[in-house]
file my_file.cif (mmCIF, C-alpha atoms)
data_protein
loop_
_atom_site.label_atom_id
_atom_site.label_comp_id
_atom_site.auth_asym_id
_atom_site.auth_seq_id
_atom_site.Cartn_x
_atom_site.Cartn_y
_atom_site.Cartn_z
CA MET A 1 8.90 3.40 10.47
CA GLY A 2 7.05 3.50 13.76
CA CYS A 3 7.73 5.04 17.14
CA GLY A 4 9.54 3.30 19.08
CA SER A 5 -24.72 23.97 -6.08
CA SER A 6 -23.90 27.14 -5.03
CA ARG A 7 -22.04 24.69 -2.98
CA PRO A 8 -18.78 25.43 -1.22
CA VAL A 9 -16.00 23.22 -2.50
CA GLU A 10 -12.51 22.30 -1.22
CA VAL A 11 -9.41 20.29 -2.18
CA THR A 12 -8.30 17.34 -0.01
CA ASN A 13 -4.76 17.40 1.29
CA ASP A 14 -4.35 19.15 -1.82
CA VAL A 15 -6.48 22.03 -3.19
CA VAL A 16 -9.68 23.87 -2.18
CA SER A 17 -12.27 26.07 -3.91
CA GLU A 18 -14.51 28.51 -2.16
CA LEU A 19 -18.24 29.12 -2.59
CA GLY A 20 -18.41 30.53 0.83
CA LYS A 21 -15.83 27.88 1.59
CA GLY A 22 -15.60 26.25 -1.76
CA PRO A 23 -14.46 22.99 -3.43
CA ALA A 24 -11.33 21.41 -2.29
CA ALA A 25 -9.14 19.10 -4.24
CA GLY A 26 -7.55 15.93 -3.06
CA GLY A 27 -4.82 13.79 -4.47
CA LYS A 28 -1.08 13.77 -4.58
CA LEU A 29 1.29 16.67 -4.26
CA GLN A 30 4.69 16.68 -5.87
CA GLU A 31 7.48 19.09 -4.98
CA GLN A 32 10.22 19.91 -7.46
CA THR A 33 12.88 19.73 -4.77
CA ALA A 34 11.92 17.54 -1.83
CA SER A 35 13.70 17.39 1.50
CA SER A 36 14.36 14.02 3.10
CA SER A 37 13.65 14.90 6.72
CA PHE A 38 10.84 16.60 8.61
CA ASP A 39 11.58 20.10 9.92
CA LEU A 40 10.37 19.81 13.52
CA SER A 41 10.21 23.61 13.83
CA GLN A 42 7.31 23.60 11.35
CA LEU A 43 5.16 21.39 13.55
CA PRO A 44 2.24 23.00 15.43
CA LYS A 45 3.05 24.33 18.89
CA LYS A 46 -0.40 23.32 20.14
CA THR A 47 -1.26 19.65 19.76
CA PHE A 48 -4.12 17.29 20.56
CA THR A 49 -2.22 15.46 23.28
CA VAL A 50 -1.96 16.29 26.98
CA GLY A 51 1.45 17.84 27.48
CA VAL A 52 4.28 17.81 24.97
CA PRO A 53 3.87 14.86 22.59
CA LYS A 54 6.64 12.38 21.88
CA ARG A 55 7.46 12.65 18.18
CA ASN A 56 9.44 10.58 15.74
CA LEU A 57 12.57 12.64 15.09
CA THR A 58 12.71 11.66 11.42
CA THR A 59 9.09 12.19 10.36
CA GLY A 60 7.66 14.41 13.12
CA GLY A 61 4.71 12.09 13.72
CA ILE A 62 3.18 11.79 17.20
CA CYS A 63 4.07 8.42 18.70
CA SER A 64 1.33 8.11 21.34
CA SER A 65 -1.90 6.25 20.55
CA VAL A 66 -4.42 8.25 18.53
CA LEU A 67 -7.16 6.48 20.52
CA ALA A 68 -5.98 8.27 23.65
CA ASP A 69 -7.10 11.55 22.08
CA PHE A 70 -9.83 10.71 19.54
CA GLN A 71 -13.00 8.65 19.28
CA PHE A 72 -13.66 7.43 15.75
CA GLY A 73 -17.08 7.51 14.08
CA ARG A 74 -18.50 6.95 10.61
CA VAL A 75 -16.50 6.33 7.47
CA LEU A 76 -16.37 9.38 5.18
CA GLY A 77 -14.47 7.83 2.30
CA THR A 78 -12.18 5.02 1.23
CA GLY A 79 -9.29 4.59 -1.18
CA GLY A 80 -6.76 2.00 -2.21
CA PHE A 81 -4.50 2.40 0.80
CA ALA A 82 -6.52 4.67 3.11
CA VAL A 83 -9.85 5.25 4.80
CA VAL A 84 -11.15 8.59 6.09
CA LYS A 85 -13.23 8.60 9.26
CA GLU A 86 -14.99 11.28 11.26
CA ALA A 87 -13.44 11.62 14.71
CA ARG A 88 -14.19 13.59 17.88
CA HIS A 89 -11.43 14.92 20.10
CA LEU A 90 -12.07 13.51 23.56
CA ARG A 91 -11.24 16.68 25.49
CA THR A 92 -12.40 19.55 23.26
CA LYS A 93 -15.28 17.59 21.66
CA GLU A 94 -14.39 19.16 18.31
CA LYS A 95 -14.82 17.02 15.20
CA TYR A 96 -12.20 16.31 12.57
CA ALA A 97 -11.60 14.06 9.58
CA VAL A 98 -8.87 11.49 10.16
CA LYS A 99 -7.20 9.87 7.16
CA ILE A 100 -5.92 6.45 8.19
CA MET A 101 -3.18 5.40 5.78
CA ASN A 102 -1.55 2.01 5.42
CA VAL A 103 2.23 2.28 5.59
CA ALA A 104 4.22 0.30 3.04
CA LEU A 105 6.85 -1.75 4.85
CA GLY A 106 8.66 -2.68 1.64
CA GLU A 107 9.75 -0.78 -1.44
CA GLU A 108 6.99 -2.04 -3.76
CA GLU A 109 4.71 0.74 -5.08
CA GLU A 110 1.75 -1.64 -4.91
CA GLU A 111 2.06 -1.63 -1.13
CA GLY A 112 1.37 2.11 -0.90
CA MET A 113 3.54 4.90 0.49
CA THR A 114 6.33 4.57 3.01
CA MET A 115 6.18 6.50 6.27
CA GLY A 116 8.82 8.87 4.97
CA GLU A 117 6.79 9.58 1.81
CA ILE A 118 3.62 10.11 3.84
CA ALA A 119 5.41 12.52 6.18
CA GLU A 120 6.82 14.45 3.22
CA GLU A 121 3.37 14.85 1.67
CA ILE A 122 2.00 16.01 5.02
CA ARG A 123 4.81 18.54 5.38
CA LEU A 124 4.15 19.94 1.91
CA THR A 125 0.42 20.28 2.54
CA MET A 126 0.88 21.87 5.96
CA SER A 127 3.15 24.49 4.40
CA LEU A 128 0.38 25.75 2.09
CA GLN A 129 -1.98 27.30 4.68
CA HIS A 130 -4.51 28.39 2.05
CA GLU A 131 -8.28 28.72 2.45
CA ASN A 132 -8.78 26.57 -0.62
CA VAL A 133 -6.62 23.71 0.58
CA VAL A 134 -7.90 21.26 3.17
CA ARG A 135 -6.02 21.98 6.37
CA ILE A 136 -3.91 19.32 8.05
CA HIS A 137 -3.47 19.88 11.78
CA ASP A 138 -1.06 17.10 12.77
CA PHE A 139 -0.49 13.37 12.44
CA TYR A 140 0.08 10.27 14.54
CA GLN A 141 2.08 7.27 13.41
CA THR A 142 2.67 3.62 14.18
CA LYS A 143 4.80 1.11 12.30
CA THR A 144 1.87 0.14 10.08
CA HIS A 145 -0.37 3.23 9.92
CA ALA A 146 -0.39 7.02 9.74
CA TYR A 147 -3.35 8.95 11.19
CA VAL A 148 -3.63 12.37 9.54
CA ILE A 149 -5.81 14.86 11.47
CA MET A 150 -7.59 17.15 8.99
CA GLU A 151 -10.36 19.74 9.01
CA LEU A 152 -13.79 18.19 8.60
CA LEU A 153 -15.77 19.01 5.44
CA LEU A 154 -19.32 17.66 5.45
CA GLY A 155 -20.59 18.52 1.98
CA GLY A 156 -19.32 15.40 0.24
CA GLU A 157 -17.60 15.05 -3.11
CA LEU A 158 -18.22 17.38 -6.04
CA LEU A 159 -18.73 14.29 -8.19
CA ASP A 160 -21.77 13.28 -6.13
CA ALA A 161 -23.15 16.82 -6.31
CA VAL A 162 -22.83 16.90 -10.10
CA MET A 163 -24.50 13.49 -10.41
CA GLU A 164 -27.36 14.67 -8.20
CA LEU A 165 -27.85 18.05 -9.89
CA GLY A 166 -27.09 16.96 -13.43
CA SER A 167 -25.18 20.19 -14.00
CA TYR A 168 -24.35 23.57 -12.46
CA ASN A 169 -25.48 26.82 -14.01
CA GLU A 170 -22.76 28.90 -15.62
CA LYS A 171 -22.43 31.33 -12.71
CA ASP A 172 -22.02 28.64 -10.05
CA ALA A 173 -19.67 26.60 -12.23
CA ALA A 174 -17.50 29.68 -12.79
CA THR A 175 -17.41 30.35 -9.04
CA ILE A 176 -16.31 26.80 -8.31
CA MET A 177 -13.58 26.90 -10.95
CA LYS A 178 -12.32 30.26 -9.70
CA GLN A 179 -11.92 28.87 -6.20
CA LEU A 180 -10.23 25.74 -7.49
CA PHE A 181 -7.74 27.76 -9.53
CA LYS A 182 -6.93 29.86 -6.45
CA GLY A 183 -6.05 26.69 -4.59
CA LEU A 184 -3.93 25.44 -7.47
CA GLU A 185 -2.17 28.78 -7.69
CA SER A 186 -1.16 28.49 -4.04
CA ILE A 187 0.27 25.03 -4.71
CA HIS A 188 2.18 26.17 -7.78
CA SER A 189 3.60 29.14 -5.85
CA LYS A 190 5.39 26.58 -3.65
CA SER A 191 6.88 24.80 -6.71
CA MET A 192 4.48 21.89 -6.25
CA ALA A 193 2.09 20.15 -8.62
CA HIS A 194 -1.25 18.48 -7.89
CA ARG A 195 -1.19 15.19 -9.77
CA ASP A 196 -4.65 13.80 -9.13
CA LEU A 197 -7.30 16.43 -9.91
CA LYS A 198 -10.73 14.86 -10.39
CA LEU A 199 -14.27 15.49 -9.17
CA GLU A 200 -14.10 12.89 -6.41
CA ASN A 201 -11.09 14.72 -4.96
CA LEU A 202 -12.98 18.01 -4.71
CA LEU A 203 -14.93 18.36 -1.47
CA LEU A 204 -17.91 20.53 -0.57
CA ALA A 205 -17.65 22.40 2.72
CA ARG A 206 -21.27 21.91 3.80
CA PRO A 207 -24.21 19.70 2.78
CA ASN A 208 -26.85 21.34 0.57
CA ASP A 209 -24.74 24.50 0.34
#
call {"tool": "encode", "arguments": {"input": "my_file.cif", "output": "structure tokens"}}
result
Amino acid sequence: MGCGSSRPVEVTNDVVSELGKGPAAGGKLQEQTASSSFDLSQLPKKTFTVGVPKRNLTTGGICSSVLADFQFGRVLGTGGFAVVKEARHLRTKEKYAVKIMNVALGEEEEEGMTMGEIAEEIRLTMSLQHENVVRIHDFYQTKTHAYVIMELLLGGELLDAVMELGSYNEKDAATIMKQLFKGLESIHSKSMAHRDLKLENLLLARPND
């Protein structure tokens, strides 16, 4: 569907913890009762485009080229059907993380998520607005890809931090878990469930934090 250590931790399009900013969790969100269309009134009033963006009326995705507004940089992470890159907004010069997702054109699960499923997950995450959940600002779409504009967290994955440190002391570990549970609580309060909690889906807000 196209257009025409004492380290802060967070959760990616999912759940965040806060050591100052805290670990965030990434993964999949599941809502008990999902809607089939995007509520356009929930979309941000201020966007990254010049003027009012043209949006897909079914998903709410911006239909103009993401390259007209962003310059892509280094790869931050990769997954089965997505890659996350650092990107700089051409006019404001602010930096973001952009998750570039392959859109499944068929119904096979092996092909990834459909544009409708991607838009639904984005809508659910945007509705959370919690300090311990990675913030999604907006998204662009083409027939084959979705470009999800997210806040940029530079501390890396909690898994890498644990492998480097060996272990956290009890106080820091408790702080991380407290922040993570706060993020999960916000998700559960919306009748959603995080289905992919693991260390590589928990992000640190800053390097060496």
call {"tool": "axis_aligned_box", "arguments": {"input": "my_file.cif", "around": "stretch 179-198 of chain A", "padding_each_side": "3 Å", "output": "JSON"}}
result
{"center_x": -2.5, "center_y": 21.8, "center_z": -7.0, "size_x": 24.8, "size_y": 22.1, "size_z": 12.7}
call {"tool": "residues_near_point", "arguments": {"input": "my_file.cif", "point": "(-6.2, 7.4, 19.2)", "cutoff": "12 Å", "atoms": "only C-alpha atoms", "output": "JSON, numbers by chain"}}
result
{"A": [48, 49, 62, 63, 64, 65, 66, 67, 68, 69, 70, 71, 72, 87, 88, 89, 90, 98, 100, 139, 140, 141, 142, 145, 146, 147, 148, 149]}
call {"tool": "closest_residue", "arguments": {"input": "my_file.cif", "among": "A:Met150, A:Leu184, A:Ala161, A:Ala82", "to": "A:Gly112", "atoms": "all atoms listed in the file"}}
result
A:Ala82
call {"tool": "closest_residue", "arguments": {"input": "my_file.cif", "among": "A:Ala119, A:Leu128, A:Met113, A:Leu76", "to": "A:Gly60", "atoms": "all atoms listed in the file"}}
result
A:Ala119
call {"tool": "closest_residue", "arguments": {"input": "my_file.cif", "among": "A:Leu124, A:Cys3, A:Val133, A:Val75", "to": "A:Lys182", "atoms": "only C-alpha atoms"}}
result
A:Val133
call {"tool": "closest_residue", "arguments": {"input": "my_file.cif", "among": "A:Arg135, A:His188, A:Lys198, A:His130", "to": "A:Leu159", "atoms": "all atoms listed in the file"}}
result
A:Lys198
call {"tool": "closest_residue", "arguments": {"input": "my_file.cif", "among": "A:Arg195, A:Glu117, A:Gly155, A:Lys85", "to": "A:Leu105", "atoms": "only C-alpha atoms"}}
result
A:Glu117
